[in-house]
$ cat my_file-v4.pdb   # PDB, C-alpha atoms and all ligand atoms
MODEL        1
ATOM      1  CA  MET A   1     -11.403  18.021 -14.572  1.00  0.00           C
ATOM      2  CA  THR A   2      -9.141  15.069 -15.348  1.00  0.00           C
ATOM      3  CA  SER A   3      -7.226  15.436 -18.618  1.00  0.00           C
ATOM      4  CA  PRO A   4      -8.262  12.792 -21.168  1.00  0.00           C
ATOM      5  CA  ALA A   5      -4.618  11.616 -21.367  1.00  0.00           C
ATOM      6  CA  LEU A   6      -4.400  11.077 -17.600  1.00  0.00           C
ATOM      7  CA  HIS A   7      -7.792   9.378 -17.620  1.00  0.00           C
ATOM      8  CA  ARG A   8      -6.507   6.939 -20.256  1.00  0.00           C
ATOM      9  CA  ALA A   9      -3.329   6.239 -18.256  1.00  0.00           C
ATOM     10  CA  LEU A  10      -5.416   5.471 -15.174  1.00  0.00           C
ATOM     11  CA  THR A  11      -8.008   3.295 -16.903  1.00  0.00           C
ATOM     12  CA  GLU A  12      -6.602   1.678 -20.076  1.00  0.00           C
ATOM     13  CA  SER A  13      -5.008  -1.781 -20.271  1.00  0.00           C
ATOM     14  CA  ASN A  14      -5.654  -4.825 -18.149  1.00  0.00           C
ATOM     15  CA  LEU A  15      -3.333  -3.598 -15.383  1.00  0.00           C
ATOM     16  CA  ARG A  16      -5.213  -3.506 -12.098  1.00  0.00           C
ATOM     17  CA  PRO A  17      -6.726  -0.136 -11.173  1.00  0.00           C
ATOM     18  CA  LEU A  18      -4.909   1.945  -8.559  1.00  0.00           C
ATOM     19  CA  PRO A  19      -6.460   2.138  -5.088  1.00  0.00           C
ATOM     20  CA  GLU A  20      -9.110   4.872  -5.399  1.00  0.00           C
ATOM     21  CA  PRO A  21      -7.508   7.315  -2.882  1.00  0.00           C
ATOM     22  CA  ALA A  22      -4.261   7.186  -4.905  1.00  0.00           C
ATOM     23  CA  ALA A  23      -6.051   7.664  -8.243  1.00  0.00           C
ATOM     24  CA  GLU A  24      -8.064  10.545  -6.769  1.00  0.00           C
ATOM     25  CA  LEU A  25      -4.883  12.304  -5.638  1.00  0.00           C
ATOM     26  CA  LEU A  26      -3.290  11.909  -9.074  1.00  0.00           C
ATOM     27  CA  ARG A  27      -6.383  13.417 -10.666  1.00  0.00           C
ATOM     28  CA  ALA A  28      -6.527  16.272  -8.141  1.00  0.00           C
ATOM     29  CA  LEU A  29      -2.853  17.066  -8.795  1.00  0.00           C
ATOM     30  CA  ASP A  30      -3.245  16.712 -12.567  1.00  0.00           C
ATOM     31  CA  ALA A  31      -0.365  14.224 -12.688  1.00  0.00           C
ATOM     32  CA  PRO A  32       1.577  13.676 -15.927  1.00  0.00           C
ATOM     33  CA  PRO A  33      -0.009  10.723 -17.802  1.00  0.00           C
ATOM     34  CA  ARG A  34       3.412   8.997 -17.971  1.00  0.00           C
ATOM     35  CA  LEU A  35       3.529   9.045 -14.168  1.00  0.00           C
ATOM     36  CA  GLY A  36      -0.002   7.622 -13.923  1.00  0.00           C
ATOM     37  CA  ALA A  37       1.003   4.801 -16.278  1.00  0.00           C
ATOM     38  CA  HIS A  38       4.215   4.096 -14.348  1.00  0.00           C
ATOM     39  CA  LEU A  39       2.362   3.920 -11.036  1.00  0.00           C
ATOM     40  CA  ARG A  40      -0.174   1.512 -12.586  1.00  0.00           C
ATOM     41  CA  ALA A  41       2.632  -0.769 -13.785  1.00  0.00           C
ATOM     42  CA  VAL A  42       4.452  -0.799 -10.439  1.00  0.00           C
ATOM     43  CA  HIS A  43       1.217  -1.184  -8.463  1.00  0.00           C
ATOM     44  CA  ASP A  44       0.185  -4.137 -10.627  1.00  0.00           C
ATOM     45  CA  VAL A  45       3.485  -5.893  -9.929  1.00  0.00           C
ATOM     46  CA  ALA A  46       3.220  -5.083  -6.199  1.00  0.00           C
ATOM     47  CA  TRP A  47      -0.280  -6.607  -6.248  1.00  0.00           C
ATOM     48  CA  SER A  48       0.996  -9.869  -7.729  1.00  0.00           C
ATOM     49  CA  LEU A  49       4.041  -9.858  -5.467  1.00  0.00           C
ATOM     50  CA  THR A  50       2.031  -9.479  -2.244  1.00  0.00           C
ATOM     51  CA  ASP A  51      -0.575 -11.968  -3.487  1.00  0.00           C
ATOM     52  CA  VAL A  52       1.933 -14.730  -4.292  1.00  0.00           C
ATOM     53  CA  LEU A  53       4.115 -14.024  -1.257  1.00  0.00           C
ATOM     54  CA  GLY A  54       1.062 -14.034   1.026  1.00  0.00           C
ATOM     55  CA  ARG A  55      -0.033 -17.430  -0.321  1.00  0.00           C
ATOM     56  CA  ARG A  56       3.426 -19.013  -0.297  1.00  0.00           C
ATOM     57  CA  ARG A  57       4.426 -17.575   3.057  1.00  0.00           C
ATOM     58  CA  PRO A  58       1.255 -16.915   5.119  1.00  0.00           C
ATOM     59  CA  ASP A  59       3.432 -16.620   8.236  1.00  0.00           C
ATOM     60  CA  LEU A  60       5.196 -13.540   6.845  1.00  0.00           C
ATOM     61  CA  GLU A  61       4.129 -10.169   8.252  1.00  0.00           C
ATOM     62  CA  PHE A  62       3.578  -7.369   5.808  1.00  0.00           C
ATOM     63  CA  ASP A  63       0.830  -4.820   5.279  1.00  0.00           C
ATOM     64  CA  THR A  64      -0.604  -5.441   1.812  1.00  0.00           C
ATOM     65  CA  THR A  65      -2.759  -2.289   1.831  1.00  0.00           C
ATOM     66  CA  ALA A  66       0.242  -0.140   2.759  1.00  0.00           C
ATOM     67  CA  VAL A  67       2.491  -1.783   0.132  1.00  0.00           C
ATOM     68  CA  LEU A  68      -0.126  -1.296  -2.578  1.00  0.00           C
ATOM     69  CA  PHE A  69      -0.742   2.338  -1.641  1.00  0.00           C
ATOM     70  CA  GLY A  70       3.046   2.841  -1.519  1.00  0.00           C
ATOM     71  CA  ALA A  71       3.502   1.327  -4.974  1.00  0.00           C
ATOM     72  CA  ALA A  72       0.624   3.445  -6.312  1.00  0.00           C
ATOM     73  CA  THR A  73       2.113   6.721  -5.039  1.00  0.00           C
ATOM     74  CA  HIS A  74       5.881   6.141  -4.665  1.00  0.00           C
ATOM     75  CA  ASP A  75       6.883   8.517  -7.483  1.00  0.00           C
ATOM     76  CA  ILE A  76       4.202  11.160  -6.859  1.00  0.00           C
ATOM     77  CA  GLY A  77       6.976  13.712  -6.151  1.00  0.00           C
ATOM     78  CA  LYS A  78       7.748  13.629  -9.885  1.00  0.00           C
ATOM     79  CA  ILE A  79       4.708  15.880 -10.308  1.00  0.00           C
ATOM     80  CA  LEU A  80       6.968  18.541  -8.758  1.00  0.00           C
ATOM     81  CA  HIS A  81      10.176  17.275 -10.388  1.00  0.00           C
ATOM     82  CA  VAL A  82       8.954  16.342 -13.854  1.00  0.00           C
ATOM     83  CA  ALA A  83      12.496  16.057 -15.260  1.00  0.00           C
ATOM     84  CA  GLU A  84      12.937  12.974 -13.051  1.00  0.00           C
ATOM     85  CA  LEU A  85      10.288  11.182 -15.122  1.00  0.00           C
ATOM     86  CA  SER A  86      12.832  10.829 -17.899  1.00  0.00           C
ATOM     87  CA  ALA A  87      16.195  11.222 -16.129  1.00  0.00           C
ATOM     88  CA  PRO A  88      17.579   9.848 -12.866  1.00  0.00           C
ATOM     89  CA  GLY A  89      17.243  11.971  -9.744  1.00  0.00           C
ATOM     90  CA  HIS A  90      16.254  11.807  -6.107  1.00  0.00           C
ATOM     91  CA  ARG A  91      14.631  15.176  -5.533  1.00  0.00           C
ATOM     92  CA  HIS A  92      11.190  13.647  -6.035  1.00  0.00           C
ATOM     93  CA  GLU A  93      11.565  11.353  -3.018  1.00  0.00           C
ATOM     94  CA  GLU A  94      11.357  13.784  -0.058  1.00  0.00           C
ATOM     95  CA  ALA A  95       9.126  16.067  -2.134  1.00  0.00           C
ATOM     96  CA  GLY A  96       6.708  13.195  -2.723  1.00  0.00           C
ATOM     97  CA  ARG A  97       6.473  12.260   0.921  1.00  0.00           C
ATOM     98  CA  ASP A  98       5.882  15.914   1.900  1.00  0.00           C
ATOM     99  CA  LEU A  99       3.255  16.279  -0.809  1.00  0.00           C
ATOM    100  CA  LEU A 100       1.342  13.247   0.461  1.00  0.00           C
ATOM    101  CA  LEU A 101       1.543  14.498   4.055  1.00  0.00           C
ATOM    102  CA  ARG A 102       0.228  17.900   2.944  1.00  0.00           C
ATOM    103  CA  TYR A 103      -2.751  16.139   1.360  1.00  0.00           C
ATOM    104  CA  GLY A 104      -3.533  14.406   4.640  1.00  0.00           C
ATOM    105  CA  VAL A 105      -2.065  10.981   3.857  1.00  0.00           C
ATOM    106  CA  PRO A 106      -0.971   9.342   7.128  1.00  0.00           C
ATOM    107  CA  ALA A 107       2.797   9.160   7.665  1.00  0.00           C
ATOM    108  CA  HIS A 108       2.896   5.348   7.553  1.00  0.00           C
ATOM    109  CA  LEU A 109       1.489   5.460   4.007  1.00  0.00           C
ATOM    110  CA  ALA A 110       3.301   8.611   2.840  1.00  0.00           C
ATOM    111  CA  ARG A 111       6.704   7.193   3.807  1.00  0.00           C
ATOM    112  CA  PHE A 112       7.098   4.998   0.717  1.00  0.00           C
ATOM    113  CA  ALA A 113       7.462   8.052  -1.528  1.00  0.00           C
ATOM    114  CA  GLY A 114      10.557   8.920   0.505  1.00  0.00           C
ATOM    115  CA  SER A 115      11.906   5.394   1.044  1.00  0.00           C
ATOM    116  CA  HIS A 116      11.552   3.600  -2.306  1.00  0.00           C
ATOM    117  CA  GLY A 117      15.013   4.642  -3.507  1.00  0.00           C
ATOM    118  CA  SER A 118      16.795   3.774  -0.243  1.00  0.00           C
ATOM    119  CA  TRP A 119      16.401   0.011  -0.034  1.00  0.00           C
ATOM    120  CA  ASP A 120      20.075  -0.315   0.937  1.00  0.00           C
ATOM    121  CA  ALA A 121      19.717   1.890   4.032  1.00  0.00           C
ATOM    122  CA  PRO A 122      19.993   0.103   7.401  1.00  0.00           C
ATOM    123  CA  GLU A 123      16.840  -1.401   8.922  1.00  0.00           C
ATOM    124  CA  VAL A 124      14.439  -0.964   6.039  1.00  0.00           C
ATOM    125  CA  ALA A 125      11.119  -2.709   6.761  1.00  0.00           C
ATOM    126  CA  LEU A 126       9.803  -5.493   4.519  1.00  0.00           C
ATOM    127  CA  ASP A 127       6.884  -3.309   3.355  1.00  0.00           C
ATOM    128  CA  ASP A 128       9.339  -0.698   2.041  1.00  0.00           C
ATOM    129  CA  LEU A 129      11.524  -3.356   0.403  1.00  0.00           C
ATOM    130  CA  LEU A 130       8.497  -4.792  -1.412  1.00  0.00           C
ATOM    131  CA  VAL A 131       7.689  -1.381  -2.922  1.00  0.00           C
ATOM    132  CA  SER A 132      11.347  -0.983  -3.995  1.00  0.00           C
ATOM    133  CA  LEU A 133      11.309  -4.504  -5.443  1.00  0.00           C
ATOM    134  CA  ALA A 134       8.118  -3.878  -7.451  1.00  0.00           C
ATOM    135  CA  ASP A 135       9.724  -0.646  -8.727  1.00  0.00           C
ATOM    136  CA  LYS A 136      12.545  -2.749 -10.237  1.00  0.00           C
ATOM    137  CA  VAL A 137      10.787  -5.921 -11.387  1.00  0.00           C
ATOM    138  CA  TRP A 138       8.063  -4.068 -13.324  1.00  0.00           C
ATOM    139  CA  LYS A 139      10.707  -3.406 -16.025  1.00  0.00           C
ATOM    140  CA  GLY A 140      12.419  -6.769 -15.633  1.00  0.00           C
ATOM    141  CA  ALA A 141      15.333  -5.432 -13.542  1.00  0.00           C
ATOM    142  CA  ARG A 142      16.766  -7.908 -11.047  1.00  0.00           C
ATOM    143  CA  ILE A 143      18.876  -6.362  -8.274  1.00  0.00           C
ATOM    144  CA  THR A 144      20.743  -8.978  -6.256  1.00  0.00           C
ATOM    145  CA  GLY A 145      21.365  -6.760  -3.207  1.00  0.00           C
ATOM    146  CA  LEU A 146      17.696  -5.825  -2.954  1.00  0.00           C
ATOM    147  CA  GLU A 147      16.505  -9.399  -3.437  1.00  0.00           C
ATOM    148  CA  ASP A 148      18.959 -10.575  -0.758  1.00  0.00           C
ATOM    149  CA  ARG A 149      17.483  -8.077   1.678  1.00  0.00           C
ATOM    150  CA  VAL A 150      13.947  -9.264   0.954  1.00  0.00           C
ATOM    151  CA  GLY A 151      15.226 -12.848   1.262  1.00  0.00           C
ATOM    152  CA  GLY A 152      16.623 -11.948   4.691  1.00  0.00           C
ATOM    153  CA  HIS A 153      13.080 -11.154   5.840  1.00  0.00           C
ATOM    154  CA  LEU A 154      11.839 -14.539   4.625  1.00  0.00           C
ATOM    155  CA  GLY A 155      14.079 -16.291   7.153  1.00  0.00           C
ATOM    156  CA  GLY A 156      15.169 -19.926   6.862  1.00  0.00           C
ATOM    157  CA  ALA A 157      18.020 -21.065   4.646  1.00  0.00           C
ATOM    158  CA  PRO A 158      19.209 -18.430   2.145  1.00  0.00           C
ATOM    159  CA  TRP A 159      18.880 -20.894  -0.759  1.00  0.00           C
ATOM    160  CA  GLU A 160      15.258 -21.583   0.203  1.00  0.00           C
ATOM    161  CA  ALA A 161      14.440 -17.868   0.302  1.00  0.00           C
ATOM    162  CA  PHE A 162      16.235 -17.453  -3.028  1.00  0.00           C
ATOM    163  CA  LEU A 163      14.119 -20.181  -4.650  1.00  0.00           C
ATOM    164  CA  VAL A 164      10.826 -18.702  -3.449  1.00  0.00           C
ATOM    165  CA  LEU A 165      11.805 -15.230  -4.648  1.00  0.00           C
ATOM    166  CA  ASP A 166      13.475 -16.218  -7.891  1.00  0.00           C
ATOM    167  CA  ASP A 167      10.519 -18.244  -9.042  1.00  0.00           C
ATOM    168  CA  MET A 168       8.131 -15.397  -8.294  1.00  0.00           C
ATOM    169  CA  LEU A 169      10.293 -12.640  -9.747  1.00  0.00           C
ATOM    170  CA  GLN A 170      11.043 -14.538 -12.944  1.00  0.00           C
ATOM    171  CA  SER A 171       7.379 -14.873 -13.784  1.00  0.00           C
ATOM    172  CA  LEU A 172       6.715 -11.218 -12.897  1.00  0.00           C
ATOM    173  CA  ALA A 173       9.673 -10.012 -14.972  1.00  0.00           C
ATOM    174  CA  ALA A 174       8.226 -11.879 -17.953  1.00  0.00           C
ATOM    175  CA  GLY A 175       5.510  -9.223 -18.315  1.00  0.00           C
ATOM    176  CA  ALA A 176       8.048  -6.367 -18.422  1.00  0.00           C
ATOM    177  CA  ASP A 177       7.919  -5.659 -22.175  1.00  0.00           C
ATOM    178  CA  GLU A 178       4.180  -5.173 -22.125  1.00  0.00           C
ATOM    179  CA  ARG A 179       4.373  -2.864 -19.102  1.00  0.00           C
ATOM    180  CA  LEU A 180       7.255  -0.858 -20.637  1.00  0.00           C
ATOM    181  CA  ALA A 181       5.256  -0.418 -23.841  1.00  0.00           C
ATOM    182  CA  PHE A 182       2.204   0.695 -21.847  1.00  0.00           C
ATOM    183  CA  GLN A 183       4.213   3.301 -19.933  1.00  0.00           C
ATOM    184  CA  ALA A 184       5.989   4.576 -23.056  1.00  0.00           C
ATOM    185  CA  ALA A 185       2.648   5.037 -24.821  1.00  0.00           C
ATOM    186  CA  HIS A 186       1.629   7.730 -22.339  1.00  0.00           C
ATOM    187  CA  PRO A 187       3.079  11.232 -22.681  1.00  0.00           C
ATOM    188  CA  VAL A 188       5.199  12.973 -20.029  1.00  0.00           C
ATOM    189  CA  THR A 189       3.307  16.187 -20.655  1.00  0.00           C
ATOM    190  CA  VAL A 190      -0.058  16.850 -22.245  1.00  0.00           C
TER     191      VAL A 190
HETATM  192 FE    FE A 201       9.153   4.207  -9.872  1.00  0.00          FE
ENDMDL
END
$ encode --input "my_file-v4.pdb" --output "structure tokens"
Amino acid sequence: MTSPALHRALTESNLRPLPEPAAELLRALDAPPRLGAHLRAVHDVAWSLTDVLGRRRPDLEFDTTAVLFGAATHDIGKILHVAELSAPGHRHEEAGRDLLLRYGVPAHLARFAGSHGSWDAPEVALDDLLVSLADKVWKGARITGLEDRVGGHLGGAPWEAFLVLDDMLQSLAAGADERLAFQAAHPVTV
């Protein structure tokens, strides 16, 4: 049975609901409510990001379903490494990808749990960069190196790519305080 605190994290607020397969996994694994809330915040930003980017640049190739599933599960390894919910650490990354694979999630969707912290690695795909970007912008963080890499995928003049991204990211970052408050309101443990 889902704990009432996790249920609240997965249903409260006007943040968009997680894709059902992701929410189901979090319930099955009895995820910490704080993690559920974090994944809702990042998924909501990824939703807006892919929506706006898709409308402004319909020629751009990315897999919205994969990005949204990735955003909704990227930190799932923190179920196994709970300390990384409140302190930096990378142990949750590989652990998260393995956990998803064990639960039958296809590799192309499980990969985001392992890749979201490695946006500066060579040859990272746009889908992975979008999950990493959502994982920064949800709290208002702007990372030039990451944004430049996303801009590189947009093609055209760098200043043009910068304008498209900056405009979009500024308006998304504006909702950061509300999302931070939502996440902080949900406990790490129940
Ligand atoms: Fe995250």
$ axis_aligned_box --input "my_file-v4.pdb" --around "range 30-40 of chain A" --padding-each-side "3 Å" --output "lines of an AutoDock Vina configuration file"
center_x = 0.5
center_y = 9.1
center_z = -14.5
size_x = 13.5
size_y = 21.2
size_z = 12.9
$ closest_residue --input "my_file-v4.pdb" --among "A:Asp44, A:Asp128, A:Asp120, A:Asp167" --to "Gly145 in chain A" --atoms "only C-alpha atoms"
A:Asp120
$ residues_near_ligand --input "my_file-v4.pdb" --ligand "ligand FE 201 (chain A)" --cutoff "12 Å" --atoms "all atoms listed in the file" --output "mmCIF file with C-alpha atoms, in the frame of the given file"
data_model
loop_
_atom_site.group_PDB
_atom_site.id
_atom_site.type_symbol
_atom_site.label_atom_id
_atom_site.label_comp_id
_atom_site.auth_asym_id
_atom_site.auth_seq_id
_atom_site.Cartn_x
_atom_site.Cartn_y
_atom_site.Cartn_z
ATOM 1 C CA ARG A 34 3.412 8.997 -17.971
ATOM 2 C CA LEU A 35 3.529 9.045 -14.168
ATOM 3 C CA GLY A 36 -0.002 7.622 -13.923
ATOM 4 C CA ALA A 37 1.003 4.801 -16.278
ATOM 5 C CA HIS A 38 4.215 4.096 -14.348
ATOM 6 C CA LEU A 39 2.362 3.920 -11.036
ATOM 7 C CA ARG A 40 -0.174 1.512 -12.586
ATOM 8 C CA ALA A 41 2.632 -0.769 -13.785
ATOM 9 C CA VAL A 42 4.452 -0.799 -10.439
ATOM 10 C CA HIS A 43 1.217 -1.184 -8.463
ATOM 11 C CA VAL A 45 3.485 -5.893 -9.929
ATOM 12 C CA ALA A 46 3.220 -5.083 -6.199
ATOM 13 C CA GLY A 70 3.046 2.841 -1.519
ATOM 14 C CA ALA A 71 3.502 1.327 -4.974
ATOM 15 C CA ALA A 72 0.624 3.445 -6.312
ATOM 16 C CA THR A 73 2.113 6.721 -5.039
ATOM 17 C CA HIS A 74 5.881 6.141 -4.665
ATOM 18 C CA ASP A 75 6.883 8.517 -7.483
ATOM 19 C CA ILE A 76 4.202 11.160 -6.859
ATOM 20 C CA GLY A 77 6.976 13.712 -6.151
ATOM 21 C CA LYS A 78 7.748 13.629 -9.885
ATOM 22 C CA GLU A 84 12.937 12.974 -13.051
ATOM 23 C CA LEU A 85 10.288 11.182 -15.122
ATOM 24 C CA SER A 86 12.832 10.829 -17.899
ATOM 25 C CA ALA A 87 16.195 11.222 -16.129
ATOM 26 C CA PRO A 88 17.579 9.848 -12.866
ATOM 27 C CA GLY A 89 17.243 11.971 -9.744
ATOM 28 C CA HIS A 90 16.254 11.807 -6.107
ATOM 29 C CA HIS A 92 11.190 13.647 -6.035
ATOM 30 C CA GLU A 93 11.565 11.353 -3.018
ATOM 31 C CA GLY A 96 6.708 13.195 -2.723
ATOM 32 C CA PHE A 112 7.098 4.998 0.717
ATOM 33 C CA ALA A 113 7.462 8.052 -1.528
ATOM 34 C CA GLY A 114 10.557 8.920 0.505
ATOM 35 C CA SER A 115 11.906 5.394 1.044
ATOM 36 C CA HIS A 116 11.552 3.600 -2.306
ATOM 37 C CA GLY A 117 15.013 4.642 -3.507
ATOM 38 C CA VAL A 131 7.689 -1.381 -2.922
ATOM 39 C CA SER A 132 11.347 -0.983 -3.995
ATOM 40 C CA LEU A 133 11.309 -4.504 -5.443
ATOM 41 C CA ALA A 134 8.118 -3.878 -7.451
ATOM 42 C CA ASP A 135 9.724 -0.646 -8.727
ATOM 43 C CA LYS A 136 12.545 -2.749 -10.237
ATOM 44 C CA VAL A 137 10.787 -5.921 -11.387
ATOM 45 C CA TRP A 138 8.063 -4.068 -13.324
ATOM 46 C CA LYS A 139 10.707 -3.406 -16.025
ATOM 47 C CA GLN A 183 4.213 3.301 -19.933
#
$ atom_distance --input "my_file-v4.pdb" --atom1 "CA of Pro158 in chain A" --atom2 "CA of Ala173 in chain A"
21.3 Å
$ residues_around --input "my_file-v4.pdb" --residues "Pro187 in chain A" --least-positions-apart "5" --cutoff "8 Å" --atoms "all atoms listed in the file" --output "ChimeraX atom specification"
/A:5,32-34
$ residues_around --input "my_file-v4.pdb" --residues "Arg57 in chain A" --least-positions-apart "5" --cutoff "10 Å" --atoms "all atoms listed in the file" --output "list of chain:residue names"
A:Thr50, A:Asp51, A:Val52, A:Leu154, A:Val164
$ write_last_selection --input "my_file-v4.pdb" --atoms "C-alpha atoms" --output "compact mmCIF listing (two decimals), in the coordinates of the input"
# COMPACT_ATOMS: atom_id res chain seq x y z
CA THR A 50 2.03 -9.48 -2.24
CA ASP A 51 -0.57 -11.97 -3.49
CA VAL A 52 1.93 -14.73 -4.29
CA LEU A 154 11.84 -14.54 4.62
CA VAL A 164 10.83 -18.70 -3.45
$ build_atoms --input "my_file-v4.pdb" --residues "range 90-98 of chain A" --atoms "all heavy atoms" --output "tab-separated table (two decimals), in the frame of the given file"
chain	number	residue	atom	x	y	z
A	90	HIS	N	16.86	12.19	-7.38
A	90	HIS	CA	16.25	11.81	-6.11
A	90	HIS	C	15.42	12.91	-5.48
A	90	HIS	O	14.88	12.74	-4.39
A	90	HIS	CB	17.35	11.39	-5.12
A	90	HIS	CG	18.06	10.14	-5.55
A	90	HIS	ND1	17.51	8.88	-5.42
A	90	HIS	CD2	19.27	9.96	-6.13
A	90	HIS	CE1	18.35	7.98	-5.90
A	90	HIS	NE2	19.43	8.61	-6.35
A	91	ARG	N	15.33	14.06	-6.17
A	91	ARG	CA	14.63	15.18	-5.53
A	91	ARG	C	13.16	14.87	-5.31
A	91	ARG	O	12.51	15.41	-4.43
A	91	ARG	CB	14.80	16.45	-6.37
A	91	ARG	CG	16.25	16.96	-6.33
A	91	ARG	CD	16.36	18.38	-6.77
A	91	ARG	NE	15.86	18.54	-8.14
A	91	ARG	CZ	15.55	19.70	-8.69
A	91	ARG	NH1	15.69	20.80	-8.02
A	91	ARG	NH2	15.10	19.75	-9.93
A	92	HIS	N	12.63	13.95	-6.15
A	92	HIS	CA	11.19	13.65	-6.04
A	92	HIS	C	10.85	12.86	-4.76
A	92	HIS	O	9.69	12.80	-4.38
A	92	HIS	CB	10.71	12.85	-7.26
A	92	HIS	CG	11.24	11.45	-7.33
A	92	HIS	ND1	12.49	11.13	-7.82
A	92	HIS	CD2	10.70	10.27	-6.95
A	92	HIS	CE1	12.68	9.83	-7.75
A	92	HIS	NE2	11.60	9.27	-7.22
A	93	GLU	N	11.86	12.28	-4.12
A	93	GLU	CA	11.56	11.35	-3.02
A	93	GLU	C	11.02	12.10	-1.79
A	93	GLU	O	9.87	11.88	-1.39
A	93	GLU	CB	12.81	10.50	-2.70
A	93	GLU	CG	13.13	9.58	-3.89
A	93	GLU	CD	14.49	8.90	-3.80
A	93	GLU	OE1	15.18	9.06	-2.78
A	93	GLU	OE2	14.88	8.22	-4.78
A	94	GLU	N	11.84	12.99	-1.21
A	94	GLU	CA	11.36	13.78	-0.06
A	94	GLU	C	10.14	14.62	-0.46
A	94	GLU	O	9.18	14.75	0.30
A	94	GLU	CB	12.47	14.73	0.43
A	94	GLU	CG	13.60	14.03	1.14
A	94	GLU	CD	13.12	13.26	2.37
A	94	GLU	OE1	12.38	13.83	3.20
A	94	GLU	OE2	13.49	12.08	2.48
A	95	ALA	N	10.21	15.20	-1.67
A	95	ALA	CA	9.13	16.07	-2.13
A	95	ALA	C	7.82	15.29	-2.20
A	95	ALA	O	6.75	15.81	-1.87
A	95	ALA	CB	9.47	16.64	-3.51
A	96	GLY	N	7.91	14.03	-2.61
A	96	GLY	CA	6.71	13.20	-2.72
A	96	GLY	C	6.10	12.89	-1.37
A	96	GLY	O	4.88	12.95	-1.18
A	97	ARG	N	6.98	12.56	-0.43
A	97	ARG	CA	6.47	12.26	0.92
A	97	ARG	C	5.81	13.51	1.52
A	97	ARG	O	4.70	13.43	2.07
A	97	ARG	CB	7.62	11.79	1.81
A	97	ARG	CG	7.12	11.13	3.08
A	97	ARG	CD	8.20	11.00	4.10
A	97	ARG	NE	8.83	12.30	4.32
A	97	ARG	CZ	10.00	12.47	4.92
A	97	ARG	NH1	10.67	11.46	5.34
A	97	ARG	NH2	10.50	13.69	5.10
A	98	ASP	N	6.45	14.67	1.37
A	98	ASP	CA	5.88	15.91	1.90
A	98	ASP	C	4.55	16.24	1.23
A	98	ASP	O	3.61	16.69	1.90
A	98	ASP	CB	6.85	17.09	1.70
A	98	ASP	CG	8.11	16.91	2.55
A	98	ASP	OD1	8.10	16.04	3.45
A	98	ASP	OD2	9.10	17.63	2.30
